[in-house]
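Enquirer: mmCIF, C-alpha atoms; chains and numbers go by the auth columns, file data.cif:
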```
data_coords
loop_
_atom_site.group_PDB
_atom_site.id
_atom_site.type_symbol
_atom_site.label_atom_id
_atom_site.label_comp_id
_atom_site.label_asym_id
_atom_site.label_seq_id
_atom_site.Cartn_x
_atom_site.Cartn_y
_atom_site.Cartn_z
_atom_site.B_iso_or_equiv
_atom_site.auth_seq_id
_atom_site.auth_asym_id
ATOM 1 C CA MET A 1 121.366 100.834 109.481 0.00 1 A
ATOM 2 C CA ILE A 2 123.426 99.885 106.470 0.00 2 A
ATOM 3 C CA LEU A 3 127.020 100.511 105.536 0.00 3 A
ATOM 4 C CA LEU A 4 127.968 102.633 102.566 0.00 4 A
ATOM 5 C CA VAL A 5 131.412 102.290 101.088 0.00 5 A
ATOM 6 C CA ASP A 6 132.906 104.685 98.562 0.00 6 A
ATOM 7 C CA SER A 7 135.596 103.924 96.004 0.00 7 A
ATOM 8 C CA ASN A 8 138.282 105.144 98.398 0.00 8 A
ATOM 9 C CA GLY A 9 137.262 102.602 101.000 0.00 9 A
ATOM 10 C CA ASN A 10 135.645 105.082 103.340 0.00 10 A
ATOM 11 C CA ILE A 11 132.824 103.482 105.321 0.00 11 A
ATOM 12 C CA TYR A 12 129.720 105.362 106.463 0.00 12 A
ATOM 13 C CA GLU A 13 127.004 104.092 108.773 0.00 13 A
ATOM 14 C CA ALA A 14 123.705 105.233 107.301 0.00 14 A
ATOM 15 C CA VAL A 15 120.142 105.180 108.507 0.00 15 A
ATOM 16 C CA ASN A 16 118.923 107.568 105.844 0.00 16 A
ATOM 17 C CA ILE A 17 120.440 107.656 102.375 0.00 17 A
ATOM 18 C CA ILE A 18 119.803 111.009 100.748 0.00 18 A
ATOM 19 C CA PRO A 19 120.123 111.565 97.015 0.00 19 A
ATOM 20 C CA GLY A 20 122.433 114.498 96.316 0.00 20 A
ATOM 21 C CA ALA A 21 123.352 116.443 93.196 0.00 21 A
ATOM 22 C CA GLY A 22 123.402 114.305 90.089 0.00 22 A
ATOM 23 C CA ALA A 23 121.906 111.304 91.811 0.00 23 A
ATOM 24 C CA THR A 24 118.876 109.741 90.204 0.00 24 A
ATOM 25 C CA PHE A 25 117.895 107.272 92.858 0.00 25 A
ATOM 26 C CA MET A 26 115.097 107.716 95.338 0.00 26 A
ATOM 27 C CA ASN A 27 114.790 106.621 98.931 0.00 27 A
ATOM 28 C CA LEU A 28 111.081 106.041 99.360 0.00 28 A
ATOM 29 C CA ASP A 29 109.890 104.798 102.695 0.00 29 A
ATOM 30 C CA GLY A 30 112.743 102.441 103.336 0.00 30 A
ATOM 31 C CA ILE A 31 112.946 101.237 99.750 0.00 31 A
ATOM 32 C CA LEU A 32 116.069 102.417 97.982 0.00 32 A
ATOM 33 C CA ASP A 33 115.266 102.638 94.281 0.00 33 A
ATOM 34 C CA LEU A 34 118.463 101.962 92.354 0.00 34 A
ATOM 35 C CA SER A 35 116.760 100.849 89.160 0.00 35 A
ATOM 36 C CA ALA A 36 118.520 103.619 87.189 0.00 36 A
ATOM 37 C CA TYR A 37 121.915 102.075 87.895 0.00 37 A
ATOM 38 C CA THR A 38 123.745 98.922 87.055 0.00 38 A
ATOM 39 C CA ILE A 39 123.834 96.695 90.089 0.00 39 A
ATOM 40 C CA GLN A 40 126.080 93.809 90.911 0.00 40 A
ATOM 41 C CA ASP A 41 124.951 91.453 93.591 0.00 41 A
ATOM 42 C CA TYR A 42 127.929 90.316 95.633 0.00 42 A
ATOM 43 C CA GLY A 43 125.820 88.085 97.868 0.00 43 A
ATOM 44 C CA ASP A 44 125.554 88.278 101.650 0.00 44 A
ATOM 45 C CA GLU A 45 123.413 91.404 101.183 0.00 45 A
ATOM 46 C CA ILE A 46 126.318 93.315 99.637 0.00 46 A
ATOM 47 C CA THR A 47 125.524 95.309 96.523 0.00 47 A
ATOM 48 C CA TYR A 48 127.843 97.159 94.161 0.00 48 A
ATOM 49 C CA VAL A 49 126.444 100.251 92.452 0.00 49 A
ATOM 50 C CA GLU A 50 128.164 101.230 89.213 0.00 50 A
ATOM 51 C CA MET B 1 89.020 127.395 136.959 0.00 1 B
ATOM 52 C CA ALA B 2 88.393 130.884 138.255 0.00 2 B
ATOM 53 C CA GLY B 3 86.146 131.031 141.316 0.00 3 B
ATOM 54 C CA LEU B 4 86.707 127.401 142.293 0.00 4 B
ATOM 55 C CA GLU B 5 88.611 126.732 145.494 0.00 5 B
ATOM 56 C CA LYS B 6 89.618 123.416 147.030 0.00 6 B
ATOM 57 C CA VAL B 7 88.394 122.503 150.496 0.00 7 B
ATOM 58 C CA SER B 8 90.141 120.713 153.330 0.00 8 B
ATOM 59 C CA LYS B 9 89.003 117.655 155.238 0.00 9 B
ATOM 60 C CA GLY B 10 86.372 118.696 157.778 0.00 10 B
ATOM 61 C CA ASP B 11 85.421 121.919 156.005 0.00 11 B
ATOM 62 C CA LYS B 12 81.799 122.490 155.192 0.00 12 B
ATOM 63 C CA LEU B 13 81.266 121.986 151.489 0.00 13 B
ATOM 64 C CA LYS B 14 79.077 124.568 149.873 0.00 14 B
ATOM 65 C CA VAL B 15 78.674 124.175 146.157 0.00 15 B
ATOM 66 C CA LYS B 16 76.850 126.721 144.097 0.00 16 B
ATOM 67 C CA ALA B 17 74.453 125.488 141.465 0.00 17 B
ATOM 68 C CA ASP B 18 76.465 126.839 138.538 0.00 18 B
ATOM 69 C CA THR B 19 79.668 125.296 139.937 0.00 19 B
ATOM 70 C CA TRP B 20 77.988 121.936 140.308 0.00 20 B
ATOM 71 C CA ASN B 21 76.616 122.171 136.787 0.00 21 B
ATOM 72 C CA THR B 22 80.116 122.903 135.510 0.00 22 B
ATOM 73 C CA PHE B 23 81.357 119.696 137.101 0.00 23 B
ATOM 74 C CA VAL B 24 78.501 117.758 135.507 0.00 24 B
ATOM 75 C CA ASP B 25 79.300 119.231 132.108 0.00 25 B
ATOM 76 C CA VAL B 26 82.984 118.321 132.436 0.00 26 B
ATOM 77 C CA ALA B 27 82.149 114.783 133.548 0.00 27 B
ATOM 78 C CA ASN B 28 79.827 114.308 130.599 0.00 28 B
ATOM 79 C CA TYR B 29 82.461 115.684 128.226 0.00 29 B
ATOM 80 C CA VAL B 30 85.132 113.306 129.520 0.00 30 B
ATOM 81 C CA ARG B 31 82.734 110.357 129.387 0.00 31 B
ATOM 82 C CA GLN B 32 81.785 111.185 125.804 0.00 32 B
ATOM 83 C CA ARG B 33 85.434 111.468 124.769 0.00 33 B
ATOM 84 C CA MET B 34 86.212 108.078 126.308 0.00 34 B
ATOM 85 C CA MET B 35 83.295 106.518 124.444 0.00 35 B
ATOM 86 C CA ASN B 36 84.596 107.972 121.195 0.00 36 B
ATOM 87 C CA GLN B 37 88.099 106.524 121.626 0.00 37 B
ATOM 88 C CA GLY B 38 86.965 103.209 120.203 0.00 38 B
ATOM 89 C CA GLY B 39 86.282 104.792 116.849 0.00 39 B
ATOM 90 C CA SER B 40 82.692 104.359 115.807 0.00 40 B
ATOM 91 C CA ALA B 41 82.025 103.862 112.125 0.00 41 B
ATOM 92 C CA ASP B 42 80.331 107.177 111.552 0.00 42 B
ATOM 93 C CA ARG B 43 82.407 109.529 113.644 0.00 43 B
ATOM 94 C CA THR B 44 86.057 110.542 113.631 0.00 44 B
ATOM 95 C CA PRO B 45 87.823 110.379 116.988 0.00 45 B
ATOM 96 C CA ASP B 46 89.495 113.625 117.963 0.00 46 B
ATOM 97 C CA ASP B 47 92.989 112.181 117.657 0.00 47 B
ATOM 98 C CA ALA B 48 92.524 110.713 114.177 0.00 48 B
ATOM 99 C CA THR B 49 94.164 112.341 111.168 0.00 49 B
ATOM 100 C CA PRO B 50 92.092 112.799 107.993 0.00 50 B
ATOM 101 C CA PHE B 51 93.408 111.380 104.725 0.00 51 B
ATOM 102 C CA LYS B 52 92.352 110.610 101.185 0.00 52 B
ATOM 103 C CA ASN B 53 92.143 106.949 100.220 0.00 53 B
ATOM 104 C CA THR B 54 93.487 106.849 96.662 0.00 54 B
ATOM 105 C CA ALA B 55 93.355 103.066 96.427 0.00 55 B
ATOM 106 C CA SER B 56 90.928 101.295 94.138 0.00 56 B
ATOM 107 C CA SER B 57 89.451 99.353 97.028 0.00 57 B
ATOM 108 C CA ASP B 58 87.635 100.266 100.223 0.00 58 B
ATOM 109 C CA MET B 59 89.783 100.499 103.328 0.00 59 B
ATOM 110 C CA PRO B 60 88.102 98.776 106.290 0.00 60 B
ATOM 111 C CA GLN B 61 87.992 100.163 109.785 0.00 61 B
ATOM 112 C CA TYR B 62 91.237 99.218 111.595 0.00 62 B
ATOM 113 C CA GLY B 63 92.879 98.346 108.289 0.00 63 B
ATOM 114 C CA VAL B 64 96.536 99.262 107.699 0.00 64 B
ATOM 115 C CA GLY B 65 97.311 101.675 104.888 0.00 65 B
ATOM 116 C CA TRP B 66 100.481 102.991 103.292 0.00 66 B
ATOM 117 C CA LEU B 67 100.982 106.601 104.277 0.00 67 B
ATOM 118 C CA THR B 68 102.583 107.935 101.129 0.00 68 B
ATOM 119 C CA SER B 69 104.600 111.105 100.791 0.00 69 B
ATOM 120 C CA ALA B 70 102.018 112.574 98.394 0.00 70 B
ATOM 121 C CA ALA B 71 99.409 115.140 99.372 0.00 71 B
ATOM 122 C CA PHE B 72 95.950 115.959 98.089 0.00 72 B
ATOM 123 C CA GLN B 73 94.677 119.448 98.856 0.00 73 B
ATOM 124 C CA GLY B 74 96.539 119.473 102.119 0.00 74 B
ATOM 125 C CA LEU B 75 95.433 115.971 103.082 0.00 75 B
ATOM 126 C CA LEU B 76 97.594 112.927 103.570 0.00 76 B
ATOM 127 C CA VAL B 77 97.297 110.381 100.788 0.00 77 B
ATOM 128 C CA VAL B 78 96.896 106.727 101.681 0.00 78 B
ATOM 129 C CA GLN B 79 97.227 103.757 99.341 0.00 79 B
ATOM 130 C CA GLN B 80 96.933 100.062 99.772 0.00 80 B
ATOM 131 C CA PRO B 81 100.452 98.770 100.470 0.00 81 B
ATOM 132 C CA SER B 82 102.080 97.805 97.188 0.00 82 B
ATOM 133 C CA TYR B 83 105.287 96.321 98.545 0.00 83 B
ATOM 134 C CA PRO B 84 106.457 94.758 101.816 0.00 84 B
ATOM 135 C CA CYS B 85 108.420 96.427 104.601 0.00 85 B
ATOM 136 C CA ILE B 86 106.513 99.699 104.499 0.00 86 B
ATOM 137 C CA SER B 87 107.303 101.716 107.575 0.00 87 B
ATOM 138 C CA ARG B 88 104.987 104.705 107.192 0.00 88 B
ATOM 139 C CA ILE B 89 101.612 103.256 108.046 0.00 89 B
ATOM 140 C CA ILE B 90 98.253 104.543 109.197 0.00 90 B
ATOM 141 C CA ILE B 91 95.455 102.581 110.863 0.00 91 B
ATOM 142 C CA ALA B 92 91.965 103.537 109.742 0.00 92 B
ATOM 143 C CA SER B 93 89.776 104.727 112.588 0.00 93 B
ATOM 144 C CA LYS B 94 86.720 104.312 110.379 0.00 94 B
ATOM 145 C CA PRO B 95 86.001 102.742 106.989 0.00 95 B
ATOM 146 C CA SER B 96 86.883 104.765 103.900 0.00 96 B
ATOM 147 C CA ALA B 97 85.633 103.983 100.435 0.00 97 B
ATOM 148 C CA ALA B 98 87.966 103.907 97.449 0.00 98 B
ATOM 149 C CA GLY B 99 88.762 107.477 96.445 0.00 99 B
ATOM 150 C CA ALA B 100 86.976 108.914 99.479 0.00 100 B
ATOM 151 C CA LEU B 101 88.148 110.624 102.620 0.00 101 B
ATOM 152 C CA GLY B 102 89.054 108.632 105.686 0.00 102 B
ATOM 153 C CA ALA B 103 90.772 109.107 109.002 0.00 103 B
ATOM 154 C CA GLY B 104 93.307 107.172 110.968 0.00 104 B
ATOM 155 C CA TRP B 105 96.053 106.989 113.530 0.00 105 B
ATOM 156 C CA THR B 106 99.824 107.086 113.137 0.00 106 B
ATOM 157 C CA TYR B 107 100.729 106.689 116.800 0.00 107 B
ATOM 158 C CA GLY B 108 99.536 105.221 120.082 0.00 108 B
ATOM 159 C CA LEU B 109 97.793 102.032 121.174 0.00 109 B
ATOM 160 C CA ARG B 110 95.296 101.010 118.499 0.00 110 B
ATOM 161 C CA PRO B 111 93.240 98.055 117.307 0.00 111 B
ATOM 162 C CA VAL B 112 94.302 96.695 113.941 0.00 112 B
ATOM 163 C CA ARG B 113 93.104 93.976 111.589 0.00 113 B
ATOM 164 C CA VAL B 114 95.533 91.166 110.941 0.00 114 B
ATOM 165 C CA ALA B 115 95.723 88.249 108.575 0.00 115 B
ATOM 166 C CA ASN B 116 96.215 84.824 110.154 0.00 116 B
ATOM 167 C CA TRP B 117 94.946 86.040 113.528 0.00 117 B
ATOM 168 C CA ASP B 118 95.462 82.587 115.057 0.00 118 B
ATOM 169 C CA SER B 119 99.195 82.665 114.423 0.00 119 B
ATOM 170 C CA ILE B 120 99.778 86.169 115.796 0.00 120 B
ATOM 171 C CA THR B 121 101.229 86.259 119.303 0.00 121 B
ATOM 172 C CA VAL B 122 101.648 89.031 121.847 0.00 122 B
ATOM 173 C CA GLY B 123 105.067 90.625 121.561 0.00 123 B
ATOM 174 C CA GLN B 124 105.391 90.045 117.833 0.00 124 B
ATOM 175 C CA ARG B 125 106.099 92.855 115.420 0.00 125 B
ATOM 176 C CA ILE B 126 103.703 93.247 112.553 0.00 126 B
ATOM 177 C CA GLY B 127 103.541 95.461 109.501 0.00 127 B
ATOM 178 C CA ALA B 128 101.689 96.182 106.285 0.00 128 B
ATOM 179 C CA GLN B 129 101.347 93.470 103.664 0.00 129 B
ATOM 180 C CA THR B 130 101.515 93.821 99.896 0.00 130 B
ATOM 181 C CA GLY B 131 98.106 94.126 98.278 0.00 131 B
ATOM 182 C CA SER B 132 96.189 93.934 101.553 0.00 132 B
ATOM 183 C CA TRP B 133 94.654 96.185 104.181 0.00 133 B
ATOM 184 C CA LEU B 134 95.484 93.572 106.824 0.00 134 B
ATOM 185 C CA ALA B 135 98.673 93.555 108.844 0.00 135 B
ATOM 186 C CA GLY B 136 100.929 90.535 109.013 0.00 136 B
ATOM 187 C CA VAL B 137 104.046 89.359 110.777 0.00 137 B
ATOM 188 C CA ASP B 138 107.066 91.543 110.011 0.00 138 B
ATOM 189 C CA PRO B 139 110.087 91.124 112.316 0.00 139 B
ATOM 190 C CA LEU B 140 111.040 94.762 111.705 0.00 140 B
ATOM 191 C CA GLY B 141 107.500 96.074 111.371 0.00 141 B
ATOM 192 C CA PRO B 142 106.339 99.390 112.834 0.00 142 B
ATOM 193 C CA MET B 143 103.705 97.885 115.143 0.00 143 B
ATOM 194 C CA LEU B 144 104.150 95.814 118.295 0.00 144 B
ATOM 195 C CA VAL B 145 101.324 93.444 119.308 0.00 145 B
ATOM 196 C CA ILE B 146 100.247 94.241 122.860 0.00 146 B
ATOM 197 C CA GLY B 147 97.139 92.071 123.100 0.00 147 B
ATOM 198 C CA LYS B 148 94.598 90.114 121.118 0.00 148 B
ATOM 199 C CA LEU B 149 90.952 90.979 120.684 0.00 149 B
ATOM 200 C CA ASP B 150 88.352 88.903 118.879 0.00 150 B
ATOM 201 C CA SER B 151 89.486 87.778 115.428 0.00 151 B
ATOM 202 C CA PRO B 152 90.686 89.501 113.275 0.00 152 B
ATOM 203 C CA LEU B 153 91.711 92.278 115.675 0.00 153 B
ATOM 204 C CA VAL B 154 94.758 92.767 117.857 0.00 154 B
ATOM 205 C CA VAL B 155 95.912 95.739 119.892 0.00 155 B
ATOM 206 C CA VAL B 156 99.192 97.238 118.767 0.00 156 B
ATOM 207 C CA LEU B 157 101.542 99.970 119.832 0.00 157 B
ATOM 208 C CA ILE B 158 102.617 101.980 116.817 0.00 158 B
ATOM 209 C CA THR B 159 106.292 102.365 117.549 0.00 159 B
ATOM 210 C CA GLY B 160 107.037 104.950 114.949 0.00 160 B
ATOM 211 C CA GLN B 161 107.857 105.391 111.361 0.00 161 B
ATOM 212 C CA ARG B 162 111.277 104.076 110.600 0.00 162 B
ATOM 213 C CA GLY B 163 113.284 106.030 108.116 0.00 163 B
ATOM 214 C CA GLY B 164 115.980 103.457 107.655 0.00 164 B
ATOM 215 C CA THR B 165 116.650 101.831 104.323 0.00 165 B
ATOM 216 C CA LYS B 166 115.935 98.135 104.392 0.00 166 B
ATOM 217 C CA MET B 167 115.362 97.027 100.825 0.00 167 B
ATOM 218 C CA ILE B 168 116.531 97.994 97.371 0.00 168 B
ATOM 219 C CA ARG B 169 114.646 98.134 94.126 0.00 169 B
ATOM 220 C CA THR B 170 116.661 97.513 90.984 0.00 170 B
ATOM 221 C CA GLY B 171 116.016 97.067 87.303 0.00 171 B
ATOM 222 C CA SER B 172 116.666 93.379 87.635 0.00 172 B
ATOM 223 C CA SER B 173 113.843 91.175 88.792 0.00 173 B
ATOM 224 C CA ALA B 174 116.427 88.871 90.312 0.00 174 B
ATOM 225 C CA THR B 175 117.648 91.454 92.785 0.00 175 B
ATOM 226 C CA ALA B 176 114.668 93.815 93.153 0.00 176 B
ATOM 227 C CA GLY B 177 113.362 93.919 96.675 0.00 177 B
ATOM 228 C CA ARG B 178 116.341 92.168 98.189 0.00 178 B
ATOM 229 C CA PRO B 179 117.559 93.321 101.591 0.00 179 B
ATOM 230 C CA VAL B 180 120.768 95.290 101.744 0.00 180 B
ATOM 231 C CA LYS B 181 123.383 95.674 104.440 0.00 181 B
ATOM 232 C CA VAL B 182 126.316 97.039 102.479 0.00 182 B
ATOM 233 C CA LEU B 183 126.304 99.280 99.418 0.00 183 B
ATOM 234 C CA VAL B 184 129.605 99.718 97.635 0.00 184 B
ATOM 235 C CA PHE B 185 129.679 102.695 95.263 0.00 185 B
ATOM 236 C CA SER B 186 131.883 103.120 92.221 0.00 186 B
ATOM 237 C CA SER B 187 134.134 106.155 91.742 0.00 187 B
ATOM 238 C CA ARG B 188 131.294 108.016 89.997 0.00 188 B
ATOM 239 C CA PHE B 189 129.687 108.669 93.383 0.00 189 B
ATOM 240 C CA THR B 190 130.601 110.967 96.264 0.00 190 B
ATOM 241 C CA LEU B 191 129.435 110.129 99.757 0.00 191 B
ATOM 242 C CA THR B 192 129.010 112.797 102.416 0.00 192 B
ATOM 243 C CA GLN B 193 127.826 112.303 105.960 0.00 193 B
ATOM 244 C CA THR B 194 125.568 115.293 106.615 0.00 194 B
ATOM 245 C CA ALA B 195 124.401 114.250 110.077 0.00 195 B
ATOM 246 C CA PRO B 196 124.760 111.184 112.262 0.00 196 B
ATOM 247 C CA GLY B 197 123.072 108.439 110.282 0.00 197 B
ATOM 248 C CA ASP B 198 122.388 110.644 107.264 0.00 198 B
ATOM 249 C CA VAL B 199 124.579 110.123 104.221 0.00 199 B
ATOM 250 C CA THR B 200 124.149 112.055 100.989 0.00 200 B
ATOM 251 C CA VAL B 201 125.097 110.260 97.797 0.00 201 B
ATOM 252 C CA SER B 202 125.930 112.587 94.902 0.00 202 B
ATOM 253 C CA GLY B 203 126.914 111.982 91.326 0.00 203 B
ATOM 254 C CA GLY B 204 126.372 108.915 89.271 0.00 204 B
#
```
Show the structure stored in the file as structure tokens.
Expert:
Amino acid sequence: MILLVDSNGNIYEAVNIIPGAGATFMNLDGILDLSAYTIQDYGDEITYVE
Amino acid sequence: MAGLEKVSKGDKLKVKADTWNTFVDVANYVRQRMMNQGGSADRTPDDATPFKNTASSDMPQYGVGWLTSAAFQGLLVVQQPSYPCISRIIIASKPSAAGALGAGWTYGLRPVRVANWDSITVGQRIGAQTGSWLAGVDPLGPMLVIGKLDSPLVVVLITGQRGGTKMIRTGSSATAGRPVKVLVFSSRFTLTQTAPGDVTVSGG
């Protein structure tokens, strides 16, 4: 399980992350492909997706 | 079975020839099925699932393959694992040549080939390894070691195919493949919880 946080500070506990409309990432077998986005590594396994 | 009735202790047992022969046939069938459970090299056990090996190398019997989401003429497609932490695995019940059909298991107690057999202990979790048909230690792997056979085999319980996200792949080599616990999304994204544990990310 990982935590997803939106820009309003809402926190979601996620086991499966599903790409919705307009999203270009893939969730393939436990590997979340975010290579289409700019990523900032905050450390401590926290990642910011721009 | 129609026509077959149980008897009580002390009753005279009269068995007709065709009834007796039925019992013999059933016993032989069960014995044959038990012999096939080990997975001989030239025969597919009844509980094995056929697949196509699309890798460029031969998959050995009891090797661990990556069960991809692709399909080939209705068959599952298996590749050699190309990255760590793969959760959807299949254990080959018989050898399959590169590009050929094979068969394997996705559940149950199974023998599996491991790398570094000496260092594997009962109770450890193991999983697929990048660029190999052999399983290796993976603390969150989809197989639990139940016992050890002769090297390089162990007996595992396939505990299921996890759907959870564990790693991320990015355009940066510095962060690709790193584990993730928290993802913070910018205002371009909308997050919607569609079911417990399922979150849809839209936009971007």
Enquirer: Interatomic distance between atom CA of Lys181 of chain B and atom CA of Glu45 of chain A?
Expert: 5.4 Å
Enquirer: Kindly assemble as CSV a list of the chain B residues that lie within 7 Å of chain A, each paired with its nearest atom pair and their distance in Å to one decimal, using only C-alpha atoms, sorted first by chain and then by ascending residue number.
Expert:
```
residue,atom,partner,partner_atom,distance
B:Ile86,CA,A:Asp29,CA,6.4
B:Ser87,CA,A:Asp29,CA,6.3
B:Arg88,CA,A:Asp29,CA,6.7
B:Gly163,CA,A:Gly30,CA,6.0
B:Gly164,CA,A:Val15,CA,4.6
B:Thr165,CA,A:Gly30,CA,4.1
B:Lys166,CA,A:Gly30,CA,5.5
B:Met167,CA,A:Ile31,CA,5.0
B:Ile168,CA,A:Leu32,CA,4.5
B:Arg169,CA,A:Asp33,CA,4.5
B:Thr170,CA,A:Ser35,CA,3.8
B:Gly171,CA,A:Ser35,CA,4.3
B:Pro179,CA,A:Glu45,CA,6.2
B:Val180,CA,A:Glu45,CA,4.7
B:Lys181,CA,A:Ile2,CA,4.7
B:Val182,CA,A:Leu3,CA,4.7
B:Leu183,CA,A:Leu4,CA,4.9
B:Val184,CA,A:Tyr48,CA,4.7
B:Phe185,CA,A:Val49,CA,4.9
B:Ser186,CA,A:Glu50,CA,5.1
B:Ser187,CA,A:Ser7,CA,5.0
B:Leu191,CA,A:Asp6,CA,6.6
B:Gly197,CA,A:Ala14,CA,4.4
B:Asp198,CA,A:Asn16,CA,4.8
B:Val199,CA,A:Ile17,CA,5.2
B:Thr200,CA,A:Ile18,CA,4.5
B:Val201,CA,A:Pro19,CA,5.2
B:Ser202,CA,A:Gly20,CA,4.2
B:Gly203,CA,A:Gly22,CA,4.4
B:Gly204,CA,A:Ala23,CA,5.7
```
Enquirer: By how many Å are atom CA of Val122 of chain B and atom CA of Ala92 of chain B apart?
Expert: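 Here the two named atoms are 21.2 Å from each other.
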Enquirer: Could you tell me, as a PDB file with C-alpha atoms, keeping the file's coordinate frame, which residues have any atom at most 9 Å from (93.8, 94.9, 115.5), counting only C-alpha atoms?
Expert:
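Result file is result35.pdb:
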```pdb
ATOM      1  CA  TYR B  62      91.237  99.218 111.595  1.00  0.00           C
ATOM      2  CA  GLY B  63      92.879  98.346 108.289  1.00  0.00           C
ATOM      3  CA  ARG B 110      95.296 101.010 118.499  1.00  0.00           C
ATOM      4  CA  PRO B 111      93.240  98.055 117.307  1.00  0.00           C
ATOM      5  CA  VAL B 112      94.302  96.695 113.941  1.00  0.00           C
ATOM      6  CA  ARG B 113      93.104  93.976 111.589  1.00  0.00           C
ATOM      7  CA  VAL B 114      95.533  91.166 110.941  1.00  0.00           C
ATOM      8  CA  LEU B 134      95.484  93.572 106.824  1.00  0.00           C
ATOM      9  CA  ALA B 135      98.673  93.555 108.844  1.00  0.00           C
ATOM     10  CA  VAL B 145     101.324  93.444 119.308  1.00  0.00           C
ATOM     11  CA  GLY B 147      97.139  92.071 123.100  1.00  0.00           C
ATOM     12  CA  LYS B 148      94.598  90.114 121.118  1.00  0.00           C
ATOM     13  CA  LEU B 149      90.952  90.979 120.684  1.00  0.00           C
ATOM     14  CA  ASP B 150      88.352  88.903 118.879  1.00  0.00           C
ATOM     15  CA  SER B 151      89.486  87.778 115.428  1.00  0.00           C
ATOM     16  CA  PRO B 152      90.686  89.501 113.275  1.00  0.00           C
ATOM     17  CA  LEU B 153      91.711  92.278 115.675  1.00  0.00           C
ATOM     18  CA  VAL B 154      94.758  92.767 117.857  1.00  0.00           C
ATOM     19  CA  VAL B 155      95.912  95.739 119.892  1.00  0.00           C
ATOM     20  CA  VAL B 156      99.192  97.238 118.767  1.00  0.00           C
TER      21      VAL B 156
END
```
Enquirer: So how far away is atom CA of Arg125 of chain B from atom CA of Leu144 of chain B, in Å?
Expert: 4.6 Å
Enquirer: On this structure, which residues satisfy the PyMOL selection byres ((chain B and resi 100) around 6), written as a ChimeraX atom specification?
Expert: /B:52-53,97-99,101
Enquirer: Might you spell out which residues the PyMOL selection byres ((chain B and resi 69) around 10) would select in the displayed file, as a VMD selection string?
Expert: (chain A and resid 28 to 29) or (chain B and resid 66 to 68 70 to 71 76 to 78 88)
Enquirer: Please determine an axis-aligned box that encloses all atoms of segment 131-140 of chain B listed in the file, with 8 Å added on each side, and express its centre and edge lengths in Å to one decimal as AutoDock Vina command-line options.
Expert:
```
--center_x 102.8 --center_y 92.8 --center_z 105.3 --size_x 32.4 --size_y 22.8 --size_z 30.0
```
Enquirer: Given the file shown, enumerate the residues that the PyMOL selection byres ((chain B and resi 82) around 10) captures and present them as a ChimeraX atom specification.
Expert: /B:65-66,79-81,83-86,128-132
Enquirer: Filtering to C-alpha atoms, could you give me those residues as a short mmCIF file (atom, residue, chain, number, x, y, z; two decimals), in the coordinates of the input?
Expert:
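Final output, saved to again.cif:
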```
data_model
loop_
_atom_site.label_atom_id
_atom_site.label_comp_id
_atom_site.auth_asym_id
_atom_site.auth_seq_id
_atom_site.Cartn_x
_atom_site.Cartn_y
_atom_site.Cartn_z
CA GLY B 65 97.31 101.68 104.89
CA TRP B 66 100.48 102.99 103.29
CA GLN B 79 97.23 103.76 99.34
CA GLN B 80 96.93 100.06 99.77
CA PRO B 81 100.45 98.77 100.47
CA TYR B 83 105.29 96.32 98.54
CA PRO B 84 106.46 94.76 101.82
CA CYS B 85 108.42 96.43 104.60
CA ILE B 86 106.51 99.70 104.50
CA ALA B 128 101.69 96.18 106.28
CA GLN B 129 101.35 93.47 103.66
CA THR B 130 101.52 93.82 99.90
CA GLY B 131 98.11 94.13 98.28
CA SER B 132 96.19 93.93 101.55
#
```
Enquirer: Find the residue from B:Ile90, B:Gly102, B:Arg188, B:Ala195 that sits nearest to Thr54 of chain B; use all atoms listed in the file when measuring.
Expert: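 Among the listed residues, the smallest separation from Thr54 of chain B belongs to B:Gly102.
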Enquirer: Residues near Gly136 of chain B, anyone? I mean within 6 Å using all atoms listed in the file, not counting same-chain ones fewer than 3 positions away, as a VMD selection string.
Expert: chain B and resid 114 to 115 126 to 127
Enquirer: Fix up segment 118-125 of chain B with N, CA and C atoms, then write it as a PDB file, in the coordinates of the input.
Expert:
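Wrote it out as out_14.pdb, contents follow:
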```pdb
ATOM      1  N   ASP B 118      95.119  83.699 114.166  1.00  0.00           N
ATOM      2  CA  ASP B 118      95.462  82.587 115.057  1.00  0.00           C
ATOM      3  C   ASP B 118      96.964  82.497 115.310  1.00  0.00           C
ATOM      4  N   SER B 119      97.748  82.856 114.295  1.00  0.00           N
ATOM      5  CA  SER B 119      99.195  82.665 114.423  1.00  0.00           C
ATOM      6  C   SER B 119      99.907  83.873 115.014  1.00  0.00           C
ATOM      7  N   ILE B 120      99.167  84.961 115.233  1.00  0.00           N
ATOM      8  CA  ILE B 120      99.778  86.169 115.796  1.00  0.00           C
ATOM      9  C   ILE B 120      99.887  86.020 117.311  1.00  0.00           C
ATOM     10  N   THR B 121     101.042  86.363 117.856  1.00  0.00           N
ATOM     11  CA  THR B 121     101.229  86.259 119.303  1.00  0.00           C
ATOM     12  C   THR B 121     101.623  87.613 119.886  1.00  0.00           C
ATOM     13  N   VAL B 122     101.288  87.791 121.155  1.00  0.00           N
ATOM     14  CA  VAL B 122     101.648  89.031 121.847  1.00  0.00           C
ATOM     15  C   VAL B 122     103.164  89.168 121.883  1.00  0.00           C
ATOM     16  N   GLY B 123     103.633  90.368 121.592  1.00  0.00           N
ATOM     17  CA  GLY B 123     105.067  90.625 121.561  1.00  0.00           C
ATOM     18  C   GLY B 123     105.662  90.586 120.173  1.00  0.00           C
ATOM     19  N   GLN B 124     104.899  90.068 119.210  1.00  0.00           N
ATOM     20  CA  GLN B 124     105.391  90.045 117.833  1.00  0.00           C
ATOM     21  C   GLN B 124     105.333  91.432 117.217  1.00  0.00           C
ATOM     22  N   ARG B 125     106.195  91.647 116.238  1.00  0.00           N
ATOM     23  CA  ARG B 125     106.099  92.855 115.420  1.00  0.00           C
ATOM     24  C   ARG B 125     105.326  92.524 114.156  1.00  0.00           C
TER      25      ARG B 125
END
```
